[in-house]
Amino acid sequence: MAIRKLWPYRWLLLNFLSREIKGRYIGSVSGAFWALLHPLALLAVYALVFTVIFRVKFPELAGHSFILFVAVALWPWLSFQEGAQRGALAVQNGSGLVKKVAFPHELLVHASVLSTYVVHVGGFLLVLAVLALSGSDLHLLSLPLVLLLLCMQFLFTSGLSLILAALQVLLKDVEHLLAPLFMIWFYATPVLYPASLVPPQIQQVMAWNPFSYFISRIRDLLMTGNSQIGWQDAVMLAACLAVFTAGRWFFNRLSPYFEDFL
Amino acid sequence: MQPAPLIRLCQIGKDYPSVSTSGNRLRMIASLLFRRGEIPHFCALQGVSLELKAGESLGLIGENGAGKSTLLKIIAGVVKPSTGQIEVNGRIGALLELGSGFHPEYSGLENIHLAAALMGMSHSEIDRKLEDIVQFADIGSHIHEPIKHYSSGMVVRLGFAVATAMRPDILITDEVLAVGDESFQKKCIRWIEGYLAQGGTLLLCSHSMYHIQTLCQKAVWIHGGRMHMYGNSFDVTREYLTYHEEKNCKAEHQEHRVHPEGIYQIRSLWLEDDAGTEIAELEMGGVLRICGVAHSPDERPPVILFGVARVDGTSIYGTHSNETAYVPGRIAPATYGFCVRLPRLPLLPGKYTIRAHAMDPEGLRLFDTVNTTLRVTGQTRDYSLCRLEHEWLPARPDFAERERGVQE
């Protein structure tokens, strides 16, 4: 299905989106506060373990606090992890609709991923604002580029989620694979450490991890303000578009059969 | 000019994959992706061809599991058919199941928005129609409460209200009317009648033959995944009801049927007209002969019982050969034949079961039951099962006195 054909369904996507965002916190008293709590708690734990107990120090910090170092990477990573995990289960959770109403099933996945990004990017901006106000040295001028990177990251997440969601309907194993997969992926990504500390042999392997690119690039932009655009960025943009397109092909190829398996 | 059909189905079939092992699952994904190879499956629907023109109304009937809902889902676009082509030219409003497209945590109002968005309405369109929808649903202040606290009838009200607001070219409903209460059903039927009168097209699936007959011009009977019958809704529903009556009857009798060797039993049973030719159909008021061959294990002639019943098992008449001291004639060793003649058969047109039983010569124990069916044909405006001999007479003068007596 051409992406153009989704245009008449924009109201539905909007509806799904607001349903996802509201639905997550519906019935909870403090609403969106919980969206911030999880990453904040993680950040606090990492700060405690690494700065108080391990007392880590590495040259990349260069005057910045470890909290800032982790914070600029944590929100982008969490939007990916949570977005992919939610997206992977979106079709299965929406089985009530898939079985009874005709609509493009990919909207369910897009809404799940997009809502996660909306929530976490919102939280990210808030945290950046707090950090900047509390006197941290942040290069906020490169924020538009950061948002662009997040958009690329979103395309990648959506493409991956579409494949996972389709497989989840047909295989059911995907759900159980997700937790260990993302746990390993998290530690294989330079969120808690700078890529430079990694031994060179492993660095070569890590170069294949798209998130070592995203995270290092976002951190670079915000902490050093290095806004040079190179060929690597172009390759990554193309790769993200390719993953998104491949995900949609895979998903839409299988989506007519979802009803048979749900 | 012939109007193009709104819906055209051509040899539609649907297979559901039956996968059990994980190896099968992986192979299946590969074959789905690259569109080749065979997947083990079971067949839910096969070779269905239909056309529905604008302004037509079609009823869909069949037993549970016959494939009605699958067919509706295919037409609504929820399910992709495995074989055949489908062509739909128009906006479809489908009420496939109770509360389809509703989220239990949301209030009625929010769900109206969601369901309307699923049907392809924009925000402004929904806001314009919101008042009508709320009014049609008529569930009062519950509209602000989460759907999970609704009764199933209220959910249907809401669903139907959204569908009506959309004014689809084709309305598809799957057994949802049955949940509403009497007055809401009437309201829905009134709405559908108005919708049909304005040229709307309806596809209704129901187990209520009354709804099918009142709302649909034509009906399709789906049986075992195939189109069993298509035609005028009255004809199809009548055949369908007959089928069910027969089925109930069969289920009842299977329990009693015992056929061990060496008992008195009816070996064969057939019907004849007066000329001795075998028949299954008879003009009302004609002559019917019920003939048969019975087996006797001890060479003594058995007592024969025969009865006439409606296809649903309601018995009309029965008698046995002892009553008139009739003795079946011996036609071979341990074999006896019998024949009973019914002149001027008074049964009204319809389908009947003729039964015969063999009893021991003492007429004490009944051993078996053999059935055959008879269709009585003819034109009459009489009611019920059989015509009783009667004549109409003029009133006598003393009827007036009787009336006065009543008044005093």
# chains A, B, ... in the order shown; residues from 1 in each chain; ligands from 1
$ residues_around --residues "Thr335 of chain B" --least-positions-apart "4" --cutoff "8 Å" --atoms "only C-alpha atoms" --output "PyMOL selection string"
chain B and resi 293-296+299+330-331
$ write_last_selection --atoms "N, CA and C atoms" --output "compact mmCIF listing (two decimals), in the first residue's frame"
# COMPACT_ATOMS: atom_id res chain seq x y z
N VAL B 293 -42.61 -54.08 3.65
CA VAL B 293 -42.27 -55.48 3.89
C VAL B 293 -41.69 -55.57 5.29
N ALA B 294 -42.19 -56.57 6.06
CA ALA B 294 -41.73 -56.73 7.43
C ALA B 294 -41.10 -58.09 7.61
N HIS B 295 -40.19 -58.15 8.57
CA HIS B 295 -39.49 -59.41 8.85
C HIS B 295 -40.00 -59.96 10.19
N SER B 296 -40.21 -61.26 10.20
CA SER B 296 -40.64 -61.89 11.45
C SER B 296 -39.65 -63.01 11.77
N GLU B 299 -41.65 -66.62 12.17
CA GLU B 299 -42.66 -66.99 11.18
C GLU B 299 -44.08 -66.61 11.58
N ARG B 330 -47.96 -63.41 4.06
CA ARG B 330 -46.62 -64.00 3.98
C ARG B 330 -46.18 -64.03 2.52
N ILE B 331 -45.04 -63.43 2.20
CA ILE B 331 -44.60 -63.37 0.81
C ILE B 331 -43.32 -64.16 0.60
$ select_by_dssp --residues "segment 66-303 of chain B" --states "helix (DSSP H, G or I)" --output "PyMOL selection string"
chain B and resi 68-76+108-118+123-137+140-144+147-149+152-166+177-179+182-197+209-215+233-254
$ atom_distance --atom1 "atom CA of Phe250 of chain A" --atom2 "atom CA of Pro210 of chain A"
20.3 Å
$ interface_residues --of "chain B" --to "chain A" --cutoff "10 Å" --atoms "only C-alpha atoms" --output "tab-separated table (two decimals) with N, CA and C atoms, in the first residue's frame"
chain	number	residue	atom	x	y	z
B	14	LYS	N	-12.49	-19.26	1.35
B	14	LYS	CA	-11.61	-18.85	2.44
B	14	LYS	C	-11.08	-20.09	3.15
B	15	ASP	N	-9.77	-20.19	3.20
B	15	ASP	CA	-9.15	-21.26	3.96
B	15	ASP	C	-8.49	-20.67	5.18
B	16	TYR	N	-8.69	-21.32	6.31
B	16	TYR	CA	-7.95	-20.90	7.49
B	16	TYR	C	-6.80	-21.87	7.71
B	17	PRO	N	-5.60	-21.33	7.92
B	17	PRO	CA	-4.47	-22.23	8.09
B	17	PRO	C	-4.59	-23.00	9.40
B	18	SER	N	-4.22	-24.25	9.35
B	18	SER	CA	-4.19	-25.01	10.60
B	18	SER	C	-2.74	-25.38	10.84
B	19	VAL	N	-2.09	-24.62	11.70
B	19	VAL	CA	-0.69	-24.87	11.97
B	19	VAL	C	-0.54	-25.30	13.41
B	22	SER	N	6.03	-25.67	15.22
B	22	SER	CA	6.72	-24.41	14.98
B	22	SER	C	7.37	-24.42	13.60
B	25	ARG	N	4.93	-23.24	11.18
B	25	ARG	CA	4.70	-21.80	11.27
B	25	ARG	C	5.73	-21.05	10.45
B	26	LEU	N	7.00	-21.45	10.58
B	26	LEU	CA	8.06	-20.76	9.86
B	26	LEU	C	7.88	-20.93	8.36
B	28	MET	N	5.16	-21.47	6.87
B	28	MET	CA	3.98	-20.73	6.45
B	28	MET	C	4.31	-19.26	6.21
B	29	ILE	N	5.12	-18.68	7.11
B	29	ILE	CA	5.47	-17.27	6.94
B	29	ILE	C	6.19	-17.08	5.61
B	32	LEU	N	3.71	-17.26	2.81
B	32	LEU	CA	2.85	-16.09	2.74
B	32	LEU	C	3.62	-14.92	2.13
B	33	LEU	N	4.89	-14.77	2.54
B	33	LEU	CA	5.68	-13.64	2.07
B	33	LEU	C	5.94	-13.74	0.58
B	34	PHE	N	6.26	-14.95	0.12
B	34	PHE	CA	6.68	-15.07	-1.27
B	34	PHE	C	5.59	-15.68	-2.14
B	35	ARG	N	4.41	-15.88	-1.52
B	35	ARG	CA	3.22	-16.30	-2.25
B	35	ARG	C	3.41	-17.56	-3.06
B	73	LYS	N	-17.38	-10.87	6.76
B	73	LYS	CA	-16.07	-10.25	7.00
B	73	LYS	C	-15.33	-10.06	5.69
B	74	ILE	N	-15.48	-10.98	4.77
B	74	ILE	CA	-14.81	-10.84	3.47
B	74	ILE	C	-15.39	-9.63	2.74
B	75	ILE	N	-16.71	-9.50	2.78
B	75	ILE	CA	-17.33	-8.38	2.08
B	75	ILE	C	-16.96	-7.06	2.74
B	76	ALA	N	-16.88	-7.07	4.08
B	76	ALA	CA	-16.53	-5.84	4.80
B	76	ALA	C	-15.06	-5.49	4.64
B	77	GLY	N	-14.26	-6.43	4.12
B	77	GLY	CA	-12.85	-6.14	3.91
B	77	GLY	C	-11.97	-6.47	5.10
B	78	VAL	N	-12.54	-7.12	6.10
B	78	VAL	CA	-11.74	-7.47	7.27
B	78	VAL	C	-10.89	-8.71	6.97
B	79	VAL	N	-11.43	-9.59	6.15
B	79	VAL	CA	-10.75	-10.83	5.82
B	79	VAL	C	-10.46	-10.85	4.33
B	80	LYS	N	-9.29	-11.32	3.99
B	80	LYS	CA	-8.93	-11.43	2.58
B	80	LYS	C	-9.31	-12.84	2.11
B	81	PRO	N	-10.07	-12.96	1.04
B	81	PRO	CA	-10.45	-14.30	0.57
B	81	PRO	C	-9.24	-15.04	0.02
B	82	SER	N	-9.24	-16.36	0.20
B	82	SER	CA	-8.11	-17.15	-0.29
B	82	SER	C	-8.21	-17.36	-1.79
B	92	ILE	N	-18.92	1.11	2.81
B	92	ILE	CA	-19.53	0.04	3.60
B	92	ILE	C	-19.58	0.44	5.06
B	93	GLY	N	-20.72	0.25	5.66
B	93	GLY	CA	-20.83	0.40	7.11
B	93	GLY	C	-21.08	-0.99	7.67
B	94	ALA	N	-20.14	-1.48	8.46
B	94	ALA	CA	-20.28	-2.85	8.93
B	94	ALA	C	-20.41	-2.90	10.44
B	95	LEU	N	-21.46	-3.54	10.90
B	95	LEU	CA	-21.61	-3.83	12.33
B	95	LEU	C	-21.39	-5.32	12.46
B	96	LEU	N	-20.14	-5.72	12.54
B	96	LEU	CA	-19.86	-7.15	12.45
B	96	LEU	C	-20.12	-7.88	13.74
B	97	GLU	N	-19.86	-7.22	14.83
B	97	GLU	CA	-20.07	-7.91	16.08
B	97	GLU	C	-20.40	-6.89	17.14
B	98	LEU	N	-20.85	-7.40	18.23
B	98	LEU	CA	-21.18	-6.56	19.35
B	98	LEU	C	-19.98	-5.70	19.74
B	99	GLY	N	-20.16	-4.38	19.72
B	99	GLY	CA	-19.11	-3.51	20.22
B	99	GLY	C	-17.83	-3.55	19.42
B	100	SER	N	-17.93	-3.81	18.12
B	100	SER	CA	-16.69	-3.83	17.35
B	100	SER	C	-16.19	-2.41	17.21
B	101	GLY	N	-14.90	-2.23	17.46
B	101	GLY	CA	-14.32	-0.91	17.34
B	101	GLY	C	-14.51	-0.06	18.58
B	102	PHE	N	-14.98	-0.66	19.65
B	102	PHE	CA	-15.14	0.10	20.88
B	102	PHE	C	-14.06	-0.28	21.88
B	103	HIS	N	-13.67	0.70	22.68
B	103	HIS	CA	-12.69	0.43	23.72
B	103	HIS	C	-13.41	0.47	25.06
B	105	GLU	N	-12.59	0.97	28.08
B	105	GLU	CA	-12.24	1.94	29.12
B	105	GLU	C	-12.80	3.33	28.82
B	106	TYR	N	-13.18	3.56	27.56
B	106	TYR	CA	-13.59	4.91	27.19
B	106	TYR	C	-15.07	5.13	27.32
B	110	GLU	N	-16.39	9.19	23.68
B	110	GLU	CA	-15.07	8.96	23.08
B	110	GLU	C	-15.13	7.80	22.09
B	113	HIS	N	-16.41	8.76	18.77
B	113	HIS	CA	-15.34	9.35	17.95
B	113	HIS	C	-14.46	8.28	17.32
B	114	LEU	N	-14.10	7.30	18.12
B	114	LEU	CA	-13.23	6.25	17.61
B	114	LEU	C	-13.93	5.46	16.51
B	115	ALA	N	-15.16	5.02	16.79
B	115	ALA	CA	-15.87	4.19	15.81
B	115	ALA	C	-16.10	4.97	14.52
B	116	ALA	N	-16.40	6.26	14.68
B	116	ALA	CA	-16.64	7.07	13.49
B	116	ALA	C	-15.35	7.26	12.70
B	117	ALA	N	-14.23	7.40	13.42
B	117	ALA	CA	-12.95	7.53	12.72
B	117	ALA	C	-12.62	6.24	11.99
B	118	LEU	N	-12.96	5.11	12.60
B	118	LEU	CA	-12.73	3.83	11.94
B	118	LEU	C	-13.57	3.70	10.68
B	119	MET	N	-14.73	4.32	10.69
B	119	MET	CA	-15.57	4.26	9.50
B	119	MET	C	-15.17	5.33	8.49
B	120	GLY	N	-14.15	6.09	8.83
B	120	GLY	CA	-13.62	7.03	7.84
B	120	GLY	C	-14.20	8.43	7.92
B	121	MET	N	-14.80	8.79	9.06
B	121	MET	CA	-15.34	10.14	9.18
B	121	MET	C	-14.28	11.08	9.75
B	122	SER	N	-14.32	12.31	9.36
B	122	SER	CA	-13.36	13.28	9.89
B	122	SER	C	-13.92	13.89	11.17
B	123	HIS	N	-13.05	14.62	11.87
B	123	HIS	CA	-13.47	15.21	13.14
B	123	HIS	C	-14.69	16.11	13.00
$ residues_around --residues "segment 227-233 of chain B" --least-positions-apart "3" --cutoff "12 Å" --atoms "only C-alpha atoms" --output "number ranges by chain"
B: 11-13, 44-51, 56-63, 66-68, 71, 204, 209-224, 236-240, 243
$ atom_distance --atom1 "atom CA of Ile143 of chain B" --atom2 "atom CA of Phe160 of chain B"
14.2 Å
$ residues_around --residues "segment 121-127 of chain A" --least-positions-apart "3" --cutoff "7 Å" --atoms "only C-alpha atoms" --output "list in words"
Leu36, Trp75, Tyr117, Val118, Val130 and Leu131 of chain A
$ residues_around --residues "segment 233-245 of chain A" --least-positions-apart "5" --cutoff "10 Å" --atoms "only C-alpha atoms" --output "ChimeraX atom specification"
/A:3,148-149,151-163,210,213-214,217,228,250-251
$ write_last_selection --atoms "N, CA and C atoms" --output "compact mmCIF listing (two decimals), in the first residue's frame"
# COMPACT_ATOMS: atom_id res chain seq x y z
N ILE A 3 2.09 4.92 0.69
CA ILE A 3 1.90 5.70 1.92
C ILE A 3 0.85 6.78 1.69
N LEU A 148 15.99 16.09 14.29
CA LEU A 148 16.07 15.40 13.00
C LEU A 148 16.58 13.97 13.20
N LEU A 149 17.60 13.86 14.06
CA LEU A 149 18.12 12.52 14.36
C LEU A 149 17.04 11.66 15.01
N CYS A 151 13.93 11.89 14.47
CA CYS A 151 13.01 11.49 13.41
C CYS A 151 13.56 10.27 12.66
N MET A 152 14.85 10.31 12.37
CA MET A 152 15.46 9.15 11.71
C MET A 152 15.33 7.92 12.59
N GLN A 153 15.59 8.14 13.86
CA GLN A 153 15.48 7.05 14.81
C GLN A 153 14.05 6.50 14.83
N PHE A 154 13.09 7.41 14.70
CA PHE A 154 11.68 7.00 14.68
C PHE A 154 11.41 6.12 13.46
N LEU A 155 11.92 6.50 12.30
CA LEU A 155 11.72 5.70 11.10
C LEU A 155 12.29 4.30 11.31
N PHE A 156 13.48 4.24 11.89
CA PHE A 156 14.11 2.95 12.14
C PHE A 156 13.25 2.13 13.10
N THR A 157 12.80 2.77 14.18
CA THR A 157 11.99 2.07 15.18
C THR A 157 10.71 1.54 14.55
N SER A 158 10.06 2.38 13.73
CA SER A 158 8.81 1.96 13.10
C SER A 158 9.04 0.77 12.20
N GLY A 159 10.07 0.84 11.38
CA GLY A 159 10.36 -0.26 10.46
C GLY A 159 10.58 -1.56 11.22
N LEU A 160 11.39 -1.48 12.28
CA LEU A 160 11.66 -2.67 13.08
C LEU A 160 10.39 -3.18 13.76
N SER A 161 9.59 -2.23 14.29
CA SER A 161 8.36 -2.62 14.98
C SER A 161 7.39 -3.30 14.04
N LEU A 162 7.31 -2.81 12.81
CA LEU A 162 6.38 -3.41 11.85
C LEU A 162 6.74 -4.87 11.62
N ILE A 163 8.03 -5.13 11.48
CA ILE A 163 8.46 -6.52 11.26
C ILE A 163 8.16 -7.35 12.50
N PRO A 210 23.16 0.53 14.86
CA PRO A 210 22.74 1.87 14.47
C PRO A 210 22.60 2.79 15.68
N TYR A 213 25.52 4.86 16.65
CA TYR A 213 25.57 6.09 15.85
C TYR A 213 24.62 7.13 16.43
N PHE A 214 23.34 6.76 16.60
CA PHE A 214 22.35 7.74 17.07
C PHE A 214 22.78 8.37 18.39
N ARG A 217 25.95 10.48 18.26
CA ARG A 217 25.72 11.69 17.49
C ARG A 217 24.91 12.71 18.31
N GLN A 228 28.74 19.29 12.46
CA GLN A 228 29.16 19.00 11.09
C GLN A 228 28.38 17.81 10.56
N PHE A 250 7.15 -5.81 4.50
CA PHE A 250 7.00 -7.07 5.23
C PHE A 250 5.62 -7.12 5.91
N PHE A 251 5.28 -6.04 6.60
CA PHE A 251 4.04 -5.99 7.36
C PHE A 251 2.82 -6.08 6.45
$ closest_residue --among "A:Arg4, A:Gln85, A:Leu78, A:Phe186" --to "Val109 of chain A" --atoms "only C-alpha atoms"
A:Gln85
$ closest_residue --among "B:Ala325, B:Ala356, B:Leu342, B:Ala161" --to "Val134 of chain B" --atoms "only C-alpha atoms"
B:Ala161
$ decode --residues "segment 204-221 of chain B" --atoms "N, CA and C atoms" --output "short mmCIF file (atom, residue, chain, number, x, y, z; two decimals), in the first residue's frame"
data_model
loop_
_atom_site.label_atom_id
_atom_site.label_comp_id
_atom_site.auth_asym_id
_atom_site.auth_seq_id
_atom_site.Cartn_x
_atom_site.Cartn_y
_atom_site.Cartn_z
N LEU B 204 -27.93 -8.47 5.66
CA LEU B 204 -28.30 -8.75 7.04
C LEU B 204 -28.08 -10.22 7.33
N CYS B 205 -27.40 -10.49 8.42
CA CYS B 205 -27.21 -11.87 8.82
C CYS B 205 -27.98 -12.06 10.11
N SER B 206 -28.86 -13.01 10.14
CA SER B 206 -29.69 -13.14 11.32
C SER B 206 -30.20 -14.56 11.47
N HIS B 207 -30.50 -14.92 12.72
CA HIS B 207 -31.17 -16.19 12.95
C HIS B 207 -32.66 -15.95 13.14
N SER B 208 -33.06 -14.70 13.05
CA SER B 208 -34.47 -14.40 13.17
C SER B 208 -35.08 -14.37 11.78
N MET B 209 -35.85 -15.42 11.45
CA MET B 209 -36.44 -15.49 10.12
C MET B 209 -37.43 -14.34 9.91
N TYR B 210 -37.96 -13.87 11.05
CA TYR B 210 -38.90 -12.76 10.95
C TYR B 210 -38.19 -11.53 10.40
N HIS B 211 -37.00 -11.24 10.94
CA HIS B 211 -36.25 -10.08 10.45
C HIS B 211 -35.87 -10.25 8.99
N ILE B 212 -35.44 -11.45 8.63
CA ILE B 212 -35.05 -11.70 7.24
C ILE B 212 -36.24 -11.47 6.32
N GLN B 213 -37.39 -12.01 6.74
CA GLN B 213 -38.55 -11.90 5.86
C GLN B 213 -39.05 -10.47 5.74
N THR B 214 -39.00 -9.73 6.87
CA THR B 214 -39.54 -8.37 6.79
C THR B 214 -38.58 -7.41 6.11
N LEU B 215 -37.27 -7.62 6.27
CA LEU B 215 -36.33 -6.62 5.77
C LEU B 215 -35.69 -6.97 4.44
N CYS B 216 -35.66 -8.25 4.09
CA CYS B 216 -34.89 -8.63 2.90
C CYS B 216 -35.78 -9.12 1.78
N GLN B 217 -35.40 -8.72 0.57
CA GLN B 217 -36.11 -9.24 -0.60
C GLN B 217 -35.62 -10.64 -0.91
N LYS B 218 -34.30 -10.79 -0.82
CA LYS B 218 -33.71 -12.07 -1.20
C LYS B 218 -32.93 -12.63 -0.03
N ALA B 219 -32.67 -13.90 -0.08
CA ALA B 219 -31.91 -14.52 0.98
C ALA B 219 -30.99 -15.58 0.42
N VAL B 220 -29.88 -15.78 1.13
CA VAL B 220 -28.92 -16.82 0.78
C VAL B 220 -28.81 -17.74 1.98
N TRP B 221 -28.85 -19.02 1.71
CA TRP B 221 -28.67 -19.99 2.78
C TRP B 221 -27.29 -20.59 2.59
#
